[in-house]
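Engineer: One file is attached below, start.txt, containing compact mmCIF, C-alpha atoms.
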```txt
# COMPACT_ATOMS: atom_id res chain seq x y z
CA MET A 19 29.52 14.92 18.26
CA THR A 20 33.20 14.77 19.23
CA GLU A 21 33.52 13.55 22.78
CA PRO A 22 31.12 10.68 23.37
CA GLY A 23 31.96 9.18 19.98
CA LEU A 24 29.78 9.48 16.93
CA PRO A 25 26.05 9.44 17.57
CA GLU A 26 23.79 6.59 16.62
CA ILE A 27 20.53 7.11 14.76
CA ARG A 28 17.77 4.82 15.97
CA ILE A 29 14.59 4.39 13.97
CA ARG A 30 11.65 2.66 15.53
CA LEU A 31 7.98 2.55 14.59
CA PRO A 32 5.56 3.99 17.16
CA ASP A 33 4.25 1.50 19.71
CA TRP A 34 0.69 1.77 18.40
CA VAL A 35 1.74 0.07 15.14
CA ALA A 36 2.07 -3.32 16.85
CA SER A 37 -1.65 -3.56 17.55
CA ALA A 38 -2.70 -1.83 14.30
CA VAL A 39 -1.27 -4.45 11.96
CA ASP A 40 -2.34 -8.06 11.47
CA TRP A 41 0.87 -9.73 10.29
CA ASP A 42 -0.76 -13.06 9.55
CA ARG A 43 -3.34 -11.67 7.18
CA VAL A 44 -2.80 -12.13 3.46
CA TYR A 45 -3.58 -9.07 1.36
CA SER A 46 -4.45 -10.71 -1.93
CA VAL A 47 -6.18 -7.70 -3.52
CA VAL A 48 -4.39 -4.42 -4.23
CA ALA A 49 -7.21 -2.38 -2.67
CA ASP A 50 -6.70 -4.24 0.63
CA ARG A 51 -3.01 -3.44 0.55
CA MET A 52 -3.79 0.22 -0.03
CA ARG A 53 -6.36 0.18 2.77
CA LEU A 54 -3.61 -0.86 5.16
CA ALA A 55 -1.34 1.99 3.98
CA ILE A 56 -4.16 4.50 4.40
CA GLN A 57 -5.12 3.10 7.80
CA LEU A 58 -1.51 3.53 8.94
CA ALA A 59 -1.46 7.10 7.60
CA ARG A 60 -4.67 7.94 9.44
CA ALA A 61 -3.52 6.36 12.68
CA ASN A 62 -0.25 8.29 12.42
CA VAL A 63 -2.26 11.53 12.32
CA GLU A 64 -4.56 10.45 15.15
CA HIS A 65 -1.63 9.46 17.36
CA ALA A 66 0.27 12.59 16.32
CA THR A 67 3.39 10.56 15.57
CA GLY A 68 4.16 12.19 12.22
CA GLY A 69 2.91 13.32 8.83
CA PRO A 70 -0.22 11.91 7.12
CA PHE A 71 1.54 9.15 5.23
CA GLY A 72 1.66 5.37 5.52
CA ALA A 73 3.31 2.66 3.46
CA ALA A 74 3.81 -1.08 3.34
CA VAL A 75 5.91 -3.63 1.47
CA PHE A 76 4.22 -6.81 0.26
CA GLU A 77 5.19 -9.85 -1.70
CA LEU A 78 3.78 -8.90 -5.08
CA ASP A 79 2.18 -12.23 -5.98
CA THR A 80 1.12 -13.67 -2.64
CA GLY A 81 0.13 -10.47 -0.84
CA ARG A 82 2.12 -11.47 2.20
CA LEU A 83 2.94 -8.42 4.33
CA VAL A 84 6.68 -7.88 4.79
CA ALA A 85 6.99 -4.48 6.47
CA VAL A 86 5.13 -1.28 7.22
CA GLY A 87 6.17 2.33 7.64
CA VAL A 88 4.75 5.64 8.75
CA ASN A 89 6.12 9.13 8.42
CA LEU A 90 8.35 9.99 11.38
CA VAL A 91 9.85 13.33 10.26
CA THR A 92 8.51 15.51 13.06
CA ARG A 93 8.68 12.92 15.85
CA ASP A 94 12.28 11.99 15.10
CA GLN A 95 13.39 15.39 13.75
CA ASN A 96 14.67 13.56 10.67
CA SER A 97 13.63 14.79 7.23
CA THR A 98 14.48 11.48 5.53
CA LEU A 99 11.95 9.40 7.46
CA HIS A 100 9.09 9.38 5.01
CA ALA A 101 6.74 6.41 5.33
CA GLU A 102 8.13 4.75 2.21
CA MET A 103 11.74 5.00 3.37
CA VAL A 104 10.87 3.53 6.76
CA ALA A 105 8.92 0.64 5.17
CA LEU A 106 11.74 -0.10 2.70
CA MET A 107 14.42 -0.06 5.40
CA LEU A 108 12.38 -2.40 7.58
CA ALA A 109 11.65 -4.75 4.66
CA GLU A 110 15.35 -4.98 3.83
CA ARG A 111 16.12 -5.53 7.48
CA ARG A 112 13.62 -8.36 7.61
CA LEU A 113 15.03 -10.00 4.49
CA GLY A 114 18.59 -9.33 5.64
CA HIS A 115 19.52 -7.86 2.28
CA TYR A 116 19.79 -4.40 0.72
CA SER A 117 17.76 -5.58 -2.23
CA LEU A 118 14.22 -6.92 -2.26
CA ALA A 119 14.88 -8.25 -5.76
CA SER A 120 16.39 -11.67 -5.44
CA PRO A 121 16.47 -13.99 -8.45
CA ASP A 122 15.41 -16.85 -6.17
CA GLY A 123 12.92 -15.00 -4.00
CA PRO A 124 9.49 -13.45 -4.49
CA ALA A 125 9.04 -10.05 -6.13
CA HIS A 126 8.01 -7.18 -3.85
CA GLU A 127 5.93 -4.07 -4.14
CA LEU A 128 5.74 -0.79 -2.25
CA VAL A 129 2.24 0.44 -1.44
CA THR A 130 2.05 4.04 -0.26
CA SER A 131 -0.85 6.26 0.72
CA CYS A 132 0.46 9.12 -1.45
CA ASP A 133 2.57 9.54 -4.60
CA PRO A 134 6.20 9.10 -3.56
CA CYS A 135 8.33 12.25 -3.48
CA ALA A 136 11.60 12.45 -5.41
CA MET A 137 13.57 10.95 -2.53
CA CYS A 138 11.21 8.02 -2.05
CA LEU A 139 10.89 7.32 -5.78
CA GLY A 140 14.66 7.06 -5.95
CA GLY A 141 14.68 4.99 -2.78
CA ALA A 142 12.08 2.62 -4.22
CA LEU A 143 14.27 2.09 -7.30
CA TRP A 144 17.30 1.16 -5.18
CA SER A 145 15.24 -1.15 -2.97
CA GLY A 146 14.49 -3.50 -5.83
CA VAL A 147 10.69 -3.43 -5.55
CA ARG A 148 9.01 -4.34 -8.82
CA ARG A 149 5.90 -2.25 -8.43
CA ILE A 150 4.87 0.98 -6.71
CA VAL A 151 1.20 1.49 -5.84
CA ALA A 152 0.15 4.98 -4.72
CA GLY A 153 -3.07 6.46 -3.33
CA ALA A 154 -3.38 10.25 -3.15
CA GLY A 155 -1.76 12.21 -5.96
CA ARG A 156 1.00 14.76 -6.10
CA VAL A 157 -1.61 17.48 -6.70
CA GLU A 158 -3.55 16.58 -3.56
CA ALA A 159 -0.37 16.55 -1.48
CA ARG A 160 0.54 19.95 -2.89
CA ARG A 161 -2.91 21.31 -2.02
CA VAL A 162 -2.32 20.48 1.64
CA GLY A 163 1.11 22.09 1.47
CA PHE A 164 3.50 19.19 0.87
CA ASP A 165 5.97 19.59 -1.97
CA GLU A 166 6.86 16.34 -3.78
CA GLY A 167 10.16 17.50 -5.25
CA PRO A 168 11.61 16.96 -8.73
CA VAL A 169 9.41 14.12 -9.99
CA PHE A 170 8.46 14.25 -13.66
CA PRO A 171 6.66 11.91 -16.06
CA GLU A 172 10.18 10.96 -17.23
CA SER A 173 10.96 9.83 -13.70
CA TYR A 174 8.26 7.16 -13.85
CA GLN A 175 9.42 6.24 -17.36
CA TYR A 176 12.96 5.86 -16.02
CA LEU A 177 11.74 3.35 -13.45
CA ARG A 178 9.56 1.56 -15.99
CA ASP A 179 12.59 1.11 -18.26
CA ARG A 180 14.26 -0.65 -15.32
CA GLY A 181 11.34 -2.97 -14.66
CA VAL A 182 9.53 -0.99 -11.96
CA GLU A 183 5.86 -0.52 -12.75
CA SER A 184 3.72 2.19 -11.09
CA VAL A 185 -0.01 2.18 -10.37
CA ARG A 186 -1.34 5.49 -9.08
CA GLY A 187 -4.62 6.81 -7.73
CA VAL A 188 -5.68 3.62 -5.94
CA LEU A 189 -8.37 4.62 -3.39
CA GLY A 190 -7.29 8.19 -4.05
CA ALA A 191 -10.27 9.79 -2.29
CA GLU A 192 -9.76 7.83 0.94
CA ALA A 193 -6.05 8.60 0.89
CA THR A 194 -6.66 12.29 0.24
CA ALA A 195 -9.08 12.43 3.17
CA VAL A 196 -6.18 11.65 5.51
CA LEU A 197 -4.19 14.57 4.11
CA GLU A 198 -7.16 16.80 4.80
CA LEU A 199 -7.56 15.44 8.31
CA TYR A 200 -3.95 16.39 8.97
CA ARG A 201 -4.54 19.92 7.74
CA GLU A 202 -7.72 20.28 9.80
CA ARG A 203 -5.79 19.29 12.88
CA GLY A 204 -3.17 21.91 12.12
CA GLY A 205 -0.46 19.35 11.44
CA GLU A 206 3.03 20.71 10.82
CA ILE A 207 4.01 21.11 7.16
CA TYR A 208 7.69 20.15 7.08
CA ASN A 209 8.41 20.40 3.37
CA GLY A 210 6.28 23.15 1.96
CA MET B 21 8.89 -9.04 12.98
CA THR B 22 5.85 -10.09 14.98
CA GLU B 23 6.99 -11.66 18.23
CA PRO B 24 9.79 -9.58 19.70
CA GLY B 25 8.00 -6.35 18.77
CA LEU B 26 8.90 -4.19 15.83
CA PRO B 27 12.57 -4.08 14.98
CA GLU B 28 14.74 -1.05 15.46
CA ILE B 29 17.06 0.25 12.76
CA ARG B 30 20.35 1.52 14.11
CA ILE B 31 22.66 3.58 11.98
CA ARG B 32 26.17 4.24 13.14
CA LEU B 33 29.26 5.43 11.32
CA PRO B 34 32.21 3.02 11.24
CA ASP B 35 34.63 3.35 14.14
CA TRP B 36 37.47 4.50 11.85
CA VAL B 37 35.59 7.75 11.17
CA ALA B 38 36.33 9.09 14.66
CA SER B 39 40.05 9.31 14.01
CA ALA B 40 39.68 10.32 10.34
CA VAL B 41 37.91 13.60 11.00
CA ASP B 42 39.21 16.74 12.68
CA TRP B 43 36.06 18.31 14.10
CA ASP B 44 37.78 21.48 15.24
CA ARG B 45 39.16 22.37 11.85
CA VAL B 46 37.43 25.11 9.88
CA TYR B 47 37.02 24.34 6.19
CA SER B 48 36.91 27.83 4.78
CA VAL B 49 37.57 26.91 1.15
CA VAL B 50 35.21 24.71 -0.89
CA ALA B 51 38.08 22.58 -2.17
CA ASP B 52 39.00 21.70 1.43
CA ARG B 53 35.44 20.64 2.12
CA MET B 54 35.46 18.43 -0.94
CA ARG B 55 38.82 16.96 0.05
CA LEU B 56 37.23 15.77 3.28
CA ALA B 57 34.32 14.13 1.40
CA ILE B 58 36.75 12.39 -0.95
CA GLN B 59 39.01 11.33 1.92
CA LEU B 60 35.99 9.75 3.63
CA ALA B 61 34.99 8.00 0.40
CA ARG B 62 38.50 6.61 -0.03
CA ALA B 63 38.76 5.47 3.57
CA ASN B 64 35.37 3.77 3.23
CA VAL B 65 36.76 1.72 0.34
CA GLU B 66 40.02 0.97 2.15
CA HIS B 67 38.22 -0.18 5.29
CA ALA B 68 35.65 -2.07 3.17
CA THR B 69 32.77 -0.50 5.10
CA GLY B 70 30.68 0.41 2.06
CA GLY B 71 30.52 1.98 -1.37
CA PRO B 72 33.02 4.58 -2.67
CA PHE B 73 31.11 7.63 -1.51
CA GLY B 74 31.60 10.20 1.23
CA ALA B 75 29.74 13.35 2.22
CA ALA B 76 29.74 16.11 4.78
CA VAL B 77 27.51 18.94 5.94
CA PHE B 78 29.08 22.32 6.64
CA GLU B 79 27.92 25.73 7.69
CA LEU B 80 27.93 27.47 4.34
CA ASP B 81 29.55 30.73 5.38
CA THR B 82 31.90 29.73 8.20
CA GLY B 83 33.00 26.31 6.92
CA ARG B 84 32.33 24.77 10.32
CA LEU B 85 31.90 21.00 9.99
CA VAL B 86 28.51 19.78 11.24
CA ALA B 87 28.33 16.12 10.21
CA VAL B 88 29.89 13.51 7.95
CA GLY B 89 28.57 10.42 6.21
CA VAL B 90 29.81 7.44 4.26
CA ASN B 91 27.96 4.91 2.21
CA LEU B 92 26.81 2.01 4.40
CA VAL B 93 24.57 0.09 1.95
CA THR B 94 26.47 -3.18 1.93
CA ARG B 95 27.63 -3.14 5.55
CA ASP B 96 24.15 -2.47 6.91
CA GLN B 97 22.21 -4.22 4.13
CA ASN B 98 20.20 -1.02 3.75
CA SER B 99 19.81 0.49 0.28
CA THR B 100 18.88 3.93 1.62
CA LEU B 101 22.18 4.53 3.42
CA HIS B 102 24.00 6.57 0.81
CA ALA B 103 26.69 8.87 2.18
CA GLU B 104 24.54 11.97 1.66
CA MET B 105 21.55 10.52 3.52
CA VAL B 106 23.75 9.49 6.45
CA ALA B 107 25.39 12.93 6.62
CA LEU B 108 22.03 14.73 6.44
CA MET B 109 20.47 12.55 9.15
CA LEU B 110 23.44 13.12 11.43
CA ALA B 111 23.43 16.87 10.78
CA GLU B 112 19.74 17.08 11.66
CA ARG B 113 20.36 14.98 14.72
CA ARG B 114 23.11 17.31 15.81
CA LEU B 115 20.94 20.40 15.30
CA GLY B 116 17.95 18.66 16.86
CA HIS B 117 15.73 19.66 13.98
CA TYR B 118 14.47 18.09 10.75
CA SER B 119 15.50 21.19 8.85
CA LEU B 120 18.95 22.69 8.49
CA ALA B 121 17.31 25.90 7.26
CA SER B 122 16.50 28.00 10.27
CA PRO B 123 15.70 31.70 9.84
CA ASP B 124 17.86 32.44 12.89
CA GLY B 125 20.66 29.97 12.25
CA PRO B 126 23.46 29.64 9.70
CA ALA B 127 22.83 28.26 6.20
CA HIS B 128 24.19 24.80 5.47
CA GLU B 129 25.60 22.96 2.51
CA LEU B 130 25.98 19.33 1.54
CA VAL B 131 29.33 18.36 0.04
CA THR B 132 29.43 14.97 -1.62
CA SER B 133 32.16 13.08 -3.43
CA CYS B 134 29.80 12.21 -6.31
CA ASP B 135 26.69 13.70 -7.96
CA PRO B 136 23.74 12.82 -5.72
CA CYS B 137 21.36 10.16 -7.00
CA ALA B 138 17.62 10.84 -7.30
CA MET B 139 17.01 9.77 -3.71
CA CYS B 140 19.77 11.94 -2.27
CA LEU B 141 18.87 14.96 -4.40
CA GLY B 142 15.33 14.76 -3.03
CA GLY B 143 16.71 14.17 0.45
CA ALA B 144 18.94 17.24 0.14
CA LEU B 145 15.93 19.37 -0.80
CA TRP B 146 13.97 18.24 2.29
CA SER B 147 16.97 18.75 4.56
CA GLY B 148 16.99 22.47 3.96
CA VAL B 149 20.61 22.77 2.79
CA ARG B 150 21.17 25.83 0.63
CA ARG B 151 23.91 24.46 -1.58
CA ILE B 152 25.00 21.08 -2.91
CA VAL B 153 28.63 20.63 -3.94
CA ALA B 154 29.52 17.47 -5.86
CA GLY B 155 32.79 15.90 -7.02
CA ALA B 156 32.62 13.02 -9.50
CA GLY B 157 29.87 13.21 -12.12
CA ARG B 158 26.93 11.05 -12.94
CA VAL B 159 28.75 9.79 -16.04
CA GLU B 160 31.77 8.66 -14.03
CA ALA B 161 29.54 6.85 -11.52
CA ARG B 162 27.75 5.15 -14.39
CA ARG B 163 31.06 4.06 -15.90
CA VAL B 164 31.91 2.16 -12.72
CA GLY B 165 28.43 0.61 -12.70
CA PHE B 166 26.41 2.83 -10.37
CA ASP B 167 23.07 4.07 -11.67
CA GLU B 168 22.06 7.53 -10.42
CA GLY B 169 18.33 7.20 -11.02
CA PRO B 170 15.87 9.70 -12.48
CA VAL B 171 17.86 12.94 -12.21
CA PHE B 172 17.46 15.39 -15.07
CA PRO B 173 18.60 18.96 -15.75
CA GLU B 174 15.05 19.94 -14.69
CA SER B 175 15.72 18.33 -11.31
CA TYR B 176 18.53 20.78 -10.58
CA GLN B 177 16.38 23.61 -11.91
CA TYR B 178 13.60 22.53 -9.55
CA LEU B 179 15.96 22.85 -6.60
CA ARG B 180 17.36 26.15 -7.86
CA ASP B 181 13.82 27.55 -8.02
CA ARG B 182 13.53 26.70 -4.34
CA GLY B 183 16.78 28.36 -3.37
CA VAL B 184 19.14 25.37 -3.50
CA GLU B 185 22.21 26.03 -5.60
CA SER B 186 24.39 23.25 -7.02
CA VAL B 187 28.09 23.27 -7.82
CA ARG B 188 29.32 20.18 -9.60
CA GLY B 189 32.65 18.76 -10.72
CA VAL B 190 34.70 20.09 -7.80
CA LEU B 191 37.94 18.03 -7.68
CA GLY B 192 36.24 15.67 -10.11
CA ALA B 193 39.39 13.75 -11.01
CA GLU B 194 40.29 12.99 -7.38
CA ALA B 195 36.73 11.93 -6.65
CA THR B 196 36.56 9.73 -9.73
CA ALA B 197 39.81 8.03 -8.72
CA VAL B 198 38.04 6.66 -5.64
CA LEU B 199 35.29 5.15 -7.80
CA GLU B 200 37.99 3.47 -9.85
CA LEU B 201 39.77 2.21 -6.75
CA TYR B 202 36.51 0.57 -5.68
CA ARG B 203 36.15 -1.14 -9.04
CA GLU B 204 39.77 -2.31 -9.01
CA ARG B 205 39.17 -3.89 -5.63
CA GLY B 206 36.12 -5.70 -6.96
CA GLY B 207 33.71 -3.75 -4.79
CA GLU B 208 30.07 -4.81 -4.90
CA ILE B 209 27.83 -2.80 -7.25
CA TYR B 210 24.51 -2.56 -5.42
CA ASN B 211 22.54 -0.40 -7.81
CA GLY B 212 23.65 -1.17 -11.28
```
Step by step, read the file and then write its structure as structure tokens.

Structural biologist:
Amino acid sequence: MTEPGLPEIRIRLPDWVASAVDWDRVYSVVADRMRLAIQLARANVEHATGGPFGAAVFELDTGRLVAVGVNLVTRDQNSTLHAEMVALMLAERRLGHYSLASPDGPAHELVTSCDPCAMCLGGALWSGVRRIVAGAGRVEARRVGFDEGPVFPESYQYLRDRGVESVRGVLGAEATAVLELYRERGGEIYNG
Amino acid sequence: MTEPGLPEIRIRLPDWVASAVDWDRVYSVVADRMRLAIQLARANVEHATGGPFGAAVFELDTGRLVAVGVNLVTRDQNSTLHAEMVALMLAERRLGHYSLASPDGPAHELVTSCDPCAMCLGGALWSGVRRIVAGAGRVEARRVGFDEGPVFPESYQYLRDRGVESVRGVLGAEATAVLELYRERGGEIYNG
């Protein structure tokens, strides 16, 4: 840490993501957006590049895909790299701004294969997305062994009061199946 | 995003940090650890490299410094780069593991110049630190314009139930002075 200067953290999506995502496609329906998040989660398990979670940022109205993320905690040995955080960072990078809420630009939404944990719910608020869409629930994540942290009904209300809507349980069964696949494969539980 | 492959996010502390931190010093007293976090926060304002927040990760018992962080939201156009998140990522990088809680290794603590927001509180839980020490309070941050997100008394209780203690208000006045310095200088409020 001392001698060669301060270290640099580099965050990069796995190579398989490039061929797994069609950037030109328009995801007009919410279910299609969720299908992409779940597909990323499943591929992340199959490629063993991280936990069973995928996420994507879209333009809320047009369904244009802005960025995707997968969980990279175990691969990168970095507990902050949940799928949502990776997707939000990459979306902000693409827009060149720390906020996805511009008065002149389109509104954005975060679509995630599982209810966001406390860190990611906070992160979503700071990112300026206007809607959060989640697949599998907190209970299902818990059943596989993943804690979701201090998230309460008041947490969602807090976001709602600041203009961030949440839609949960979209394609919940399909999303939960990926969590179970991870468990069956003996995937590492990093926040139990 | 499409053509040149997926982008890479690079996170690096400002160059001034190298000469601002004495890595060989042992911070045996909590107040000394907090003084470092506040000093980093102040220097971050003076160098205009981000928001008025600093953090550090220490070995809980020995006071050995493991990693430091400053807020890089505006510099990097990345809303997730709060001082705590940066310090935790760098500490995990240094240890080579996504958890700072090893049964064989020393316990760690996160010292931050201001109460952690919802994202950072969740992030601290996943990092495996055993104690969080904070300077300025949520109310003081709010007064300068920074929202702290959905953090409730139950949030701290949730962490306590999982073995993460919190000590708040350590050198609160000194830490709050940095928030006020930022406001006086017309610093950008990125999550208001």

Engineer: Let me make sure I understand: among A:Glu102, A:Glu110, A:Glu77, A:Asp40, which one has the smallest atom-to-atom distance to Gly140 in chain A if we use all atoms listed in the file?

Structural biologist: A:Glu102

Engineer: Quick one: of B:Ala138, B:Val190, B:Ala38, B:Ala156, who's nearest to Pro168 in chain A, counting only C-alpha atoms?

Structural biologist: B:Ala138

Engineer: Between B:Pro123, B:Pro136, B:Gly143, B:Gly155, which has the minimum distance to Leu191 in chain B (counting all atoms listed in the file)?

Structural biologist: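 Residue with the minimum atom-to-atom distance to Leu191 in chain B: B:Gly155.
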
Engineer: With 6 Å as the cut-off and all atoms listed in the file counted, what is the closest atom pair between each nearby residue of chain A and chain B? Distances in Å to one decimal, ordered by chain and number, as a tab-separated table.

Structural biologist:
```
residue	atom	partner	partner_atom	distance
A:Glu26	CA	B:Arg32	CA	4.8
A:Ile27	CA	B:Ile31	CA	5.0
A:Arg28	CA	B:Arg30	CA	4.6
A:Ile29	CA	B:Ile29	CA	5.0
A:Arg30	CA	B:Glu28	CA	4.8
A:Gln95	CA	B:Tyr118	CA	4.2
A:Asn96	CA	B:Tyr118	CA	4.5
A:Ser97	CA	B:Tyr118	CA	4.9
A:His115	CA	B:Gln97	CA	4.9
A:Tyr116	CA	B:Gln97	CA	4.2
A:Ala136	CA	B:Gly142	CA	5.0
A:Met137	CA	B:Met139	CA	3.8
A:Gly140	CA	B:Met139	CA	4.2
A:Gly141	CA	B:Met139	CA	5.4
A:Ser145	CA	B:Ser99	CA	5.8
A:Pro168	CA	B:Ser175	CA	5.0
A:Ser173	CA	B:Pro170	CA	5.1
A:Tyr176	CA	B:Pro170	CA	6.0
```

Engineer: For Arg186 in chain A, list every protein, DNA or RNA residue within 9 Å, evaluated using all atoms listed in the file, and leave out those in the same chain fewer than 3 positions away; present the list as number ranges by chain.

Structural biologist: A: 132-133, 150-155, 190

Engineer: Figure out the distance between CA of Ile58 in chain B and CA of Glu194 in chain B, please, to one decimal in Å.

Structural biologist: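 Pair CA of Glu194 in chain B / CA of Ile58 in chain B returns 7.4 Å.
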
Engineer: Just to confirm, what's the straight-line distance from CA of Gly204 in chain A to CA of Ser131 in chain A in Å (one decimal)?

Structural biologist: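 Atom-to-atom, CA of Gly204 in chain A to CA of Ser131 in chain A, that is 19.5 Å.
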
Engineer: To one decimal place, how far is CA of Trp36 in chain B from CA of His102 in chain B in Å?

Structural biologist: 17.5 Å

Engineer: I'd like a table as JSON lines: residues in range 46-103 of chain B with an atom no more than 12 Å from range 158-166 of chain B, each row giving the shortest atom pair and its distance in Å to one decimal, all atoms listed in the file counted, sorted by chain and rising residue number.

Structural biologist:
```
{"residue": "B:Gly71", "atom": "CA", "partner": "B:Phe166", "partner_atom": "CA", "distance": 9.9}
{"residue": "B:Pro72", "atom": "CA", "partner": "B:Ala161", "partner_atom": "CA", "distance": 9.8}
{"residue": "B:Phe73", "atom": "CA", "partner": "B:Ala161", "partner_atom": "CA", "distance": 10.2}
```

Engineer: Which one is closest to Thr80 in chain A: A:Glu202, A:Asp179, A:Glu64, A:Glu127? Count all atoms listed in the file.

Structural biologist: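 Between A:Glu202, A:Asp179, A:Glu64, A:Glu127, the residue approaching Thr80 in chain A most closely is A:Glu127.
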